[in-house]
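Read through the structure below, which is laid out as structure tokens, and then see the notes.
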Amino acid sequence: MDGTGKVVSMPGQRVRGFPAVKSYAVVERYGFVWVWPGDQAKADEAQMPVFSFFDDPAWAYGGGLYHVKADYRLMIDNLMDLTHETYVHATSIGQPEIDETPCETKIDGDKVVLQRHMDGIQAPPFWRMAMQANGLDPEAKVDRWQICRFSPPSHIMIDVGVALQGHGGFDAPADKKAYSVVVDFITPETETSHWYHWGMARNFKPDDAALTDSIRKGQGTIFGEDMEMLERQQANLLRWPERKLLMLNIDSGGVQARRVIDRLMAQETHTQEAA
Ligand SMILES: [Fe+2]
């Protein structure tokens, strides 16, 4: 078949009358293949999100891929409520201050931003390692931030980091902080499974390949903890289909993201029915 889905040759077979398969608009960018599954006439590269750190030598990127046996929206819920870190990731990025600090949710069109700022705290193990790698005293008090940014259909970029206390937190100068972006590209597969492309982009010590490797390993272990939790959650949902998910205060980010998805899906279904 050629790039348009038309059959062009087959051994020992005349193919002129073969029906073409459906083709999709795709773009290769940032090391991923991006597919537009909707109305092909509306595929528009200009609508793609821009991630400048992928092409910027001041940043390093490492990541991996997990096949998760859970509805992709459970992963969105998970990433839009980092309160779970205290419990699911107790030995790496969790700490009690996460529970004690309320988060704030903002909706900007189709985007949902949820943030939490924890000031004057001790950094948890993962961030102590990052501080040390960036020449900062890992025992120093820090201001820590988590800013989760959801954009449809299912991308979540999370600004995470720590800065030496009192230097402006997220806005602190580069030599006073360790700052990264957690990259989450989620590709739905079935009603109960998805492909989870995860990674971390960092703007300190970008040439240190050993550091990229150790962060990737650490993140892989941490995200393996999420995967186990989500697959059990999905198994429970299948076991008790009559039970509904509760919406708690800490779920506001996930609830808002699901509303955006529901609205866009209703619009697309409506457009298809009208066509
Ligand atoms: Fe997690």
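Naming scheme: A, B, ... for chains in displayed order of the structure tokens; residues 1 onward per chain; ligands 1 onward as shown.
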Using only C-alpha atoms and all ligand atoms, find each residue with an atom at most 7 Å away from ligand 1 and format the answer as a JSON list (two decimals) with C-alpha atoms, in the first residue's frame.
```json
[["chain", "number", "residue", "atom", "x", "y", "z"],
["A", 78, "ASN", "CA", -4.00, 10.07, 38.51],
["A", 79, "LEU", "CA", -1.79, 12.73, 36.95],
["A", 82, "LEU", "CA", -0.69, 14.32, 42.82],
["A", 84, "HIS", "CA", -1.44, 10.18, 45.67],
["A", 85, "GLU", "CA", 2.35, 10.71, 45.78],
["A", 88, "VAL", "CA", 1.81, 5.52, 46.23],
["A", 89, "HIS", "CA", 5.34, 6.98, 46.02],
["A", 222, "ILE", "CA", 7.82, 5.43, 40.31],
["A", 223, "PHE", "CA", 5.49, 5.13, 37.28],
["A", 225, "GLU", "CA", 3.84, 2.04, 41.10],
["A", 226, "ASP", "CA", 1.13, 4.11, 39.35]]
```
Mind running range 50-141 of chain A against range 157-166 of chain A at 8 Å and telling me each contacting residue's nearest atom pair with the distance in Å (one decimal), counting only C-alpha atoms, chain and number ascending, as JSON lines?
```
{"residue": "A:Asp119", "atom": "CA", "partner": "A:Gln165", "partner_atom": "CA", "distance": 7.0}
{"residue": "A:Gly120", "atom": "CA", "partner": "A:Gln165", "partner_atom": "CA", "distance": 5.7}
{"residue": "A:Ala123", "atom": "CA", "partner": "A:Val162", "partner_atom": "CA", "distance": 7.4}
{"residue": "A:Trp127", "atom": "CA", "partner": "A:Val162", "partner_atom": "CA", "distance": 7.1}
{"residue": "A:Ala140", "atom": "CA", "partner": "A:Leu164", "partner_atom": "CA", "distance": 6.8}
{"residue": "A:Lys141", "atom": "CA", "partner": "A:Gln165", "partner_atom": "CA", "distance": 5.6}
```
File of the preceding selection, N, CA and C atoms, as an mmCIF file, in the first residue's frame:
```cif
data_model
loop_
_atom_site.group_PDB
_atom_site.id
_atom_site.type_symbol
_atom_site.label_atom_id
_atom_site.label_comp_id
_atom_site.auth_asym_id
_atom_site.auth_seq_id
_atom_site.Cartn_x
_atom_site.Cartn_y
_atom_site.Cartn_z
ATOM 1 N N ASP A 119 5.936 25.634 50.513
ATOM 2 C CA ASP A 119 7.097 26.475 50.807
ATOM 3 C C ASP A 119 7.768 26.105 52.128
ATOM 4 N N GLY A 120 9.101 26.247 52.145
ATOM 5 C CA GLY A 120 9.877 26.046 53.367
ATOM 6 C C GLY A 120 9.849 24.617 53.892
ATOM 7 N N ALA A 123 13.236 18.682 51.120
ATOM 8 C CA ALA A 123 12.969 17.984 49.848
ATOM 9 C C ALA A 123 12.907 16.472 50.073
ATOM 10 N N TRP A 127 14.116 14.557 44.964
ATOM 11 C CA TRP A 127 14.555 15.946 44.756
ATOM 12 C C TRP A 127 15.873 16.246 45.453
ATOM 13 N N ALA A 140 19.129 21.646 52.431
ATOM 14 C CA ALA A 140 18.574 22.999 52.574
ATOM 15 C C ALA A 140 17.060 22.975 52.440
ATOM 16 N N LYS A 141 16.396 23.911 53.136
ATOM 17 C CA LYS A 141 14.937 24.054 53.005
ATOM 18 C C LYS A 141 14.611 24.549 51.594
#
```
Exercise. Select from range 48-106 of chain A everything DSSP, run on the backbone, classes as helix (DSSP H, G or I), then give the selection as a ChimeraX atom specification.
Key: /A:52-55,72-79,82-88,96-100
Would you mind exporting C-alpha atoms of the selected residues as a PDB file, in the first residue's frame?
```
ATOM      1  CA  SER A  52      10.289  23.717  22.933  1.00  0.00           C
ATOM      2  CA  PHE A  53      12.413  21.692  25.352  1.00  0.00           C
ATOM      3  CA  PHE A  54      12.624  18.761  22.904  1.00  0.00           C
ATOM      4  CA  ASP A  55      14.803  20.791  20.538  1.00  0.00           C
ATOM      5  CA  TYR A  72      -6.796   6.154  29.840  1.00  0.00           C
ATOM      6  CA  ARG A  73      -9.006   8.506  31.853  1.00  0.00           C
ATOM      7  CA  LEU A  74      -7.884   6.811  35.057  1.00  0.00           C
ATOM      8  CA  MET A  75      -4.327   7.843  34.137  1.00  0.00           C
ATOM      9  CA  ILE A  76      -5.532  11.412  33.607  1.00  0.00           C
ATOM     10  CA  ASP A  77      -7.246  11.364  37.033  1.00  0.00           C
ATOM     11  CA  ASN A  78      -4.005  10.065  38.508  1.00  0.00           C
ATOM     12  CA  LEU A  79      -1.787  12.734  36.949  1.00  0.00           C
ATOM     13  CA  LEU A  82      -0.685  14.325  42.821  1.00  0.00           C
ATOM     14  CA  THR A  83      -1.967  13.888  46.359  1.00  0.00           C
ATOM     15  CA  HIS A  84      -1.436  10.183  45.674  1.00  0.00           C
ATOM     16  CA  GLU A  85       2.350  10.711  45.779  1.00  0.00           C
ATOM     17  CA  THR A  86       2.332  10.663  49.571  1.00  0.00           C
ATOM     18  CA  TYR A  87       0.869   7.143  49.542  1.00  0.00           C
ATOM     19  CA  VAL A  88       1.809   5.515  46.226  1.00  0.00           C
ATOM     20  CA  PRO A  96       3.130  14.659  54.096  1.00  0.00           C
ATOM     21  CA  GLU A  97       3.255  18.348  53.101  1.00  0.00           C
ATOM     22  CA  ILE A  98       1.519  17.408  49.820  1.00  0.00           C
ATOM     23  CA  ASP A  99      -1.581  16.376  51.787  1.00  0.00           C
ATOM     24  CA  GLU A 100      -1.460  19.462  53.945  1.00  0.00           C
TER      25      GLU A 100
END
```
Exercise. Figure out the distance between CA of Val27 in chain A and CA of Lys42 in chain A, please, to one decimal in Å.
Key: 14.1 Å
Practice problem: Please identify which residues in range 185-263 of chain A DSSP calls strand (DSSP E) from the backbone, and express them as a ChimeraX atom specification. | Solution: /A:185-190,193-202
Can I get the selection written as a compact mmCIF listing (two decimals), in the first residue's frame, with all heavy atoms?
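File written: result33.txt
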```txt
# COMPACT_ATOMS: atom_id res chain seq x y z
N PHE A 185 2.30 11.51 27.54
CA PHE A 185 1.50 11.39 26.32
C PHE A 185 0.74 10.08 26.43
O PHE A 185 1.34 9.00 26.47
CB PHE A 185 2.38 11.37 25.07
CG PHE A 185 3.13 12.64 24.84
CD1 PHE A 185 4.42 12.61 24.31
CD2 PHE A 185 2.57 13.88 25.12
CE1 PHE A 185 5.13 13.78 24.08
CE2 PHE A 185 3.27 15.06 24.89
CZ PHE A 185 4.55 15.01 24.37
N ILE A 186 -0.57 10.16 26.48
CA ILE A 186 -1.39 8.98 26.75
C ILE A 186 -2.19 8.63 25.50
O ILE A 186 -2.95 9.47 25.00
CB ILE A 186 -2.35 9.26 27.93
CG1 ILE A 186 -1.55 9.73 29.14
CG2 ILE A 186 -3.17 8.01 28.26
CD1 ILE A 186 -2.39 10.43 30.18
N THR A 187 -1.99 7.42 24.98
CA THR A 187 -2.72 7.00 23.78
C THR A 187 -3.74 5.93 24.14
O THR A 187 -3.35 4.81 24.51
CB THR A 187 -1.74 6.43 22.73
OG1 THR A 187 -0.71 7.39 22.50
CG2 THR A 187 -2.44 6.14 21.42
N PRO A 188 -5.04 6.26 24.07
CA PRO A 188 -6.05 5.24 24.37
C PRO A 188 -5.92 4.07 23.39
O PRO A 188 -5.59 4.27 22.22
CB PRO A 188 -7.38 5.97 24.14
CG PRO A 188 -7.05 7.42 24.15
CD PRO A 188 -5.63 7.54 23.68
N GLU A 189 -6.17 2.86 23.86
CA GLU A 189 -6.12 1.68 22.99
C GLU A 189 -7.50 1.02 22.94
O GLU A 189 -8.10 0.92 21.88
CB GLU A 189 -5.08 0.69 23.51
CG GLU A 189 -4.93 -0.52 22.60
CD GLU A 189 -4.09 -1.62 23.22
OE1 GLU A 189 -4.33 -1.98 24.40
OE2 GLU A 189 -3.19 -2.12 22.56
N THR A 190 -8.00 0.57 24.10
CA THR A 190 -9.35 0.01 24.18
C THR A 190 -10.05 0.72 25.34
O THR A 190 -9.47 1.62 25.97
CB THR A 190 -9.31 -1.50 24.47
OG1 THR A 190 -8.82 -1.69 25.81
CG2 THR A 190 -8.43 -2.25 23.49
N SER A 193 -7.63 -0.15 28.22
CA SER A 193 -6.17 -0.18 28.11
C SER A 193 -5.67 1.06 27.36
O SER A 193 -6.41 1.67 26.59
CB SER A 193 -5.69 -1.45 27.38
OG SER A 193 -6.16 -1.45 26.05
N HIS A 194 -4.42 1.41 27.63
CA HIS A 194 -3.80 2.53 26.91
C HIS A 194 -2.28 2.36 26.88
O HIS A 194 -1.71 1.56 27.60
CB HIS A 194 -4.17 3.88 27.55
CG HIS A 194 -3.66 4.08 28.95
ND1 HIS A 194 -4.38 3.75 30.06
CD2 HIS A 194 -2.49 4.58 29.42
CE1 HIS A 194 -3.70 4.03 31.16
NE2 HIS A 194 -2.53 4.53 30.80
N TRP A 195 -1.67 3.14 25.98
CA TRP A 195 -0.21 3.21 25.91
C TRP A 195 0.22 4.50 26.60
O TRP A 195 -0.27 5.58 26.28
CB TRP A 195 0.25 3.21 24.45
CG TRP A 195 -0.01 1.91 23.78
CD1 TRP A 195 -1.09 1.58 23.00
CD2 TRP A 195 0.82 0.73 23.83
NE1 TRP A 195 -0.98 0.28 22.57
CE2 TRP A 195 0.17 -0.27 23.06
CE3 TRP A 195 2.03 0.43 24.45
CZ2 TRP A 195 0.72 -1.55 22.91
CZ3 TRP A 195 2.57 -0.83 24.29
CH2 TRP A 195 1.91 -1.81 23.52
N TYR A 196 1.13 4.32 27.53
CA TYR A 196 1.55 5.46 28.34
C TYR A 196 3.01 5.83 28.00
O TYR A 196 3.93 5.11 28.36
CB TYR A 196 1.41 5.07 29.82
CG TYR A 196 1.80 6.13 30.81
CD1 TYR A 196 1.61 7.49 30.54
CD2 TYR A 196 2.34 5.80 32.05
CE1 TYR A 196 1.96 8.46 31.47
CE2 TYR A 196 2.69 6.76 32.98
CZ TYR A 196 2.49 8.08 32.68
OH TYR A 196 2.84 9.04 33.60
N HIS A 197 3.17 6.91 27.24
CA HIS A 197 4.51 7.43 26.93
C HIS A 197 4.86 8.43 28.02
O HIS A 197 4.22 9.46 28.14
CB HIS A 197 4.50 8.15 25.58
CG HIS A 197 4.03 7.29 24.44
ND1 HIS A 197 4.88 6.59 23.64
CD2 HIS A 197 2.79 7.03 23.99
CE1 HIS A 197 4.20 5.93 22.73
NE2 HIS A 197 2.92 6.17 22.91
N TRP A 198 5.87 8.11 28.80
CA TRP A 198 6.22 8.98 29.91
C TRP A 198 7.68 9.42 29.79
O TRP A 198 8.48 8.75 29.12
CB TRP A 198 6.01 8.27 31.25
CG TRP A 198 6.69 6.93 31.36
CD1 TRP A 198 6.13 5.72 31.10
CD2 TRP A 198 8.06 6.66 31.74
NE1 TRP A 198 7.06 4.72 31.29
CE2 TRP A 198 8.25 5.27 31.69
CE3 TRP A 198 9.12 7.48 32.12
CZ2 TRP A 198 9.47 4.66 32.01
CZ3 TRP A 198 10.34 6.88 32.44
CH2 TRP A 198 10.51 5.49 32.38
N GLY A 199 7.99 10.53 30.39
CA GLY A 199 9.38 10.98 30.37
C GLY A 199 9.59 12.18 31.25
O GLY A 199 8.65 12.68 31.89
N MET A 200 10.83 12.62 31.30
CA MET A 200 11.14 13.82 32.07
C MET A 200 12.14 14.66 31.29
O MET A 200 13.15 14.15 30.81
CB MET A 200 11.70 13.46 33.44
CG MET A 200 11.89 14.67 34.33
SD MET A 200 12.43 14.22 36.00
CE MET A 200 10.87 14.12 36.86
N ALA A 201 11.79 15.95 31.14
CA ALA A 201 12.71 16.91 30.53
C ALA A 201 13.27 17.75 31.66
O ALA A 201 12.51 18.20 32.52
CB ALA A 201 11.96 17.78 29.53
N ARG A 202 14.58 17.96 31.67
CA ARG A 202 15.14 18.76 32.76
C ARG A 202 16.07 19.83 32.20
O ARG A 202 16.68 19.63 31.14
CB ARG A 202 15.89 17.87 33.77
CG ARG A 202 17.19 17.34 33.25
CD ARG A 202 18.00 16.60 34.30
NE ARG A 202 19.36 16.37 33.80
CZ ARG A 202 19.70 15.37 32.99
NH1 ARG A 202 18.79 14.53 32.57
NH2 ARG A 202 20.95 15.26 32.57
```
Exercise. May I have the residues within 12 Å of Ala43 in chain A as a VMD selection string, using only C-alpha atoms and disregarding those fewer than 3 positions away in the same chain?
Key: chain A and resid 24 to 27 34 to 40 46 to 48
Exercise. Do a neighbour search on Ser252 in chain A at 12 Å with only C-alpha atoms, toss out local chain neighbours closer than 5 positions, and write the hits as an NGL selection string.
Key: :A and (76-83 or 102-107 or 112-115 or 148 or 246-247 or 257-259)
Exercise. Write out as a VMD selection string which residues come within 10 Å of Ala133 in chain A when counting only C-alpha atoms, dropping same-chain ones fewer than 5 positions away.
Key: chain A and resid 127 to 128 138 178 204 to 205 208 211
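Nearest residue to Gln233 in chain A among A:Thr192, A:Val255, A:Gln122, A:Ala41 is A:Thr192, counting only C-alpha atoms.
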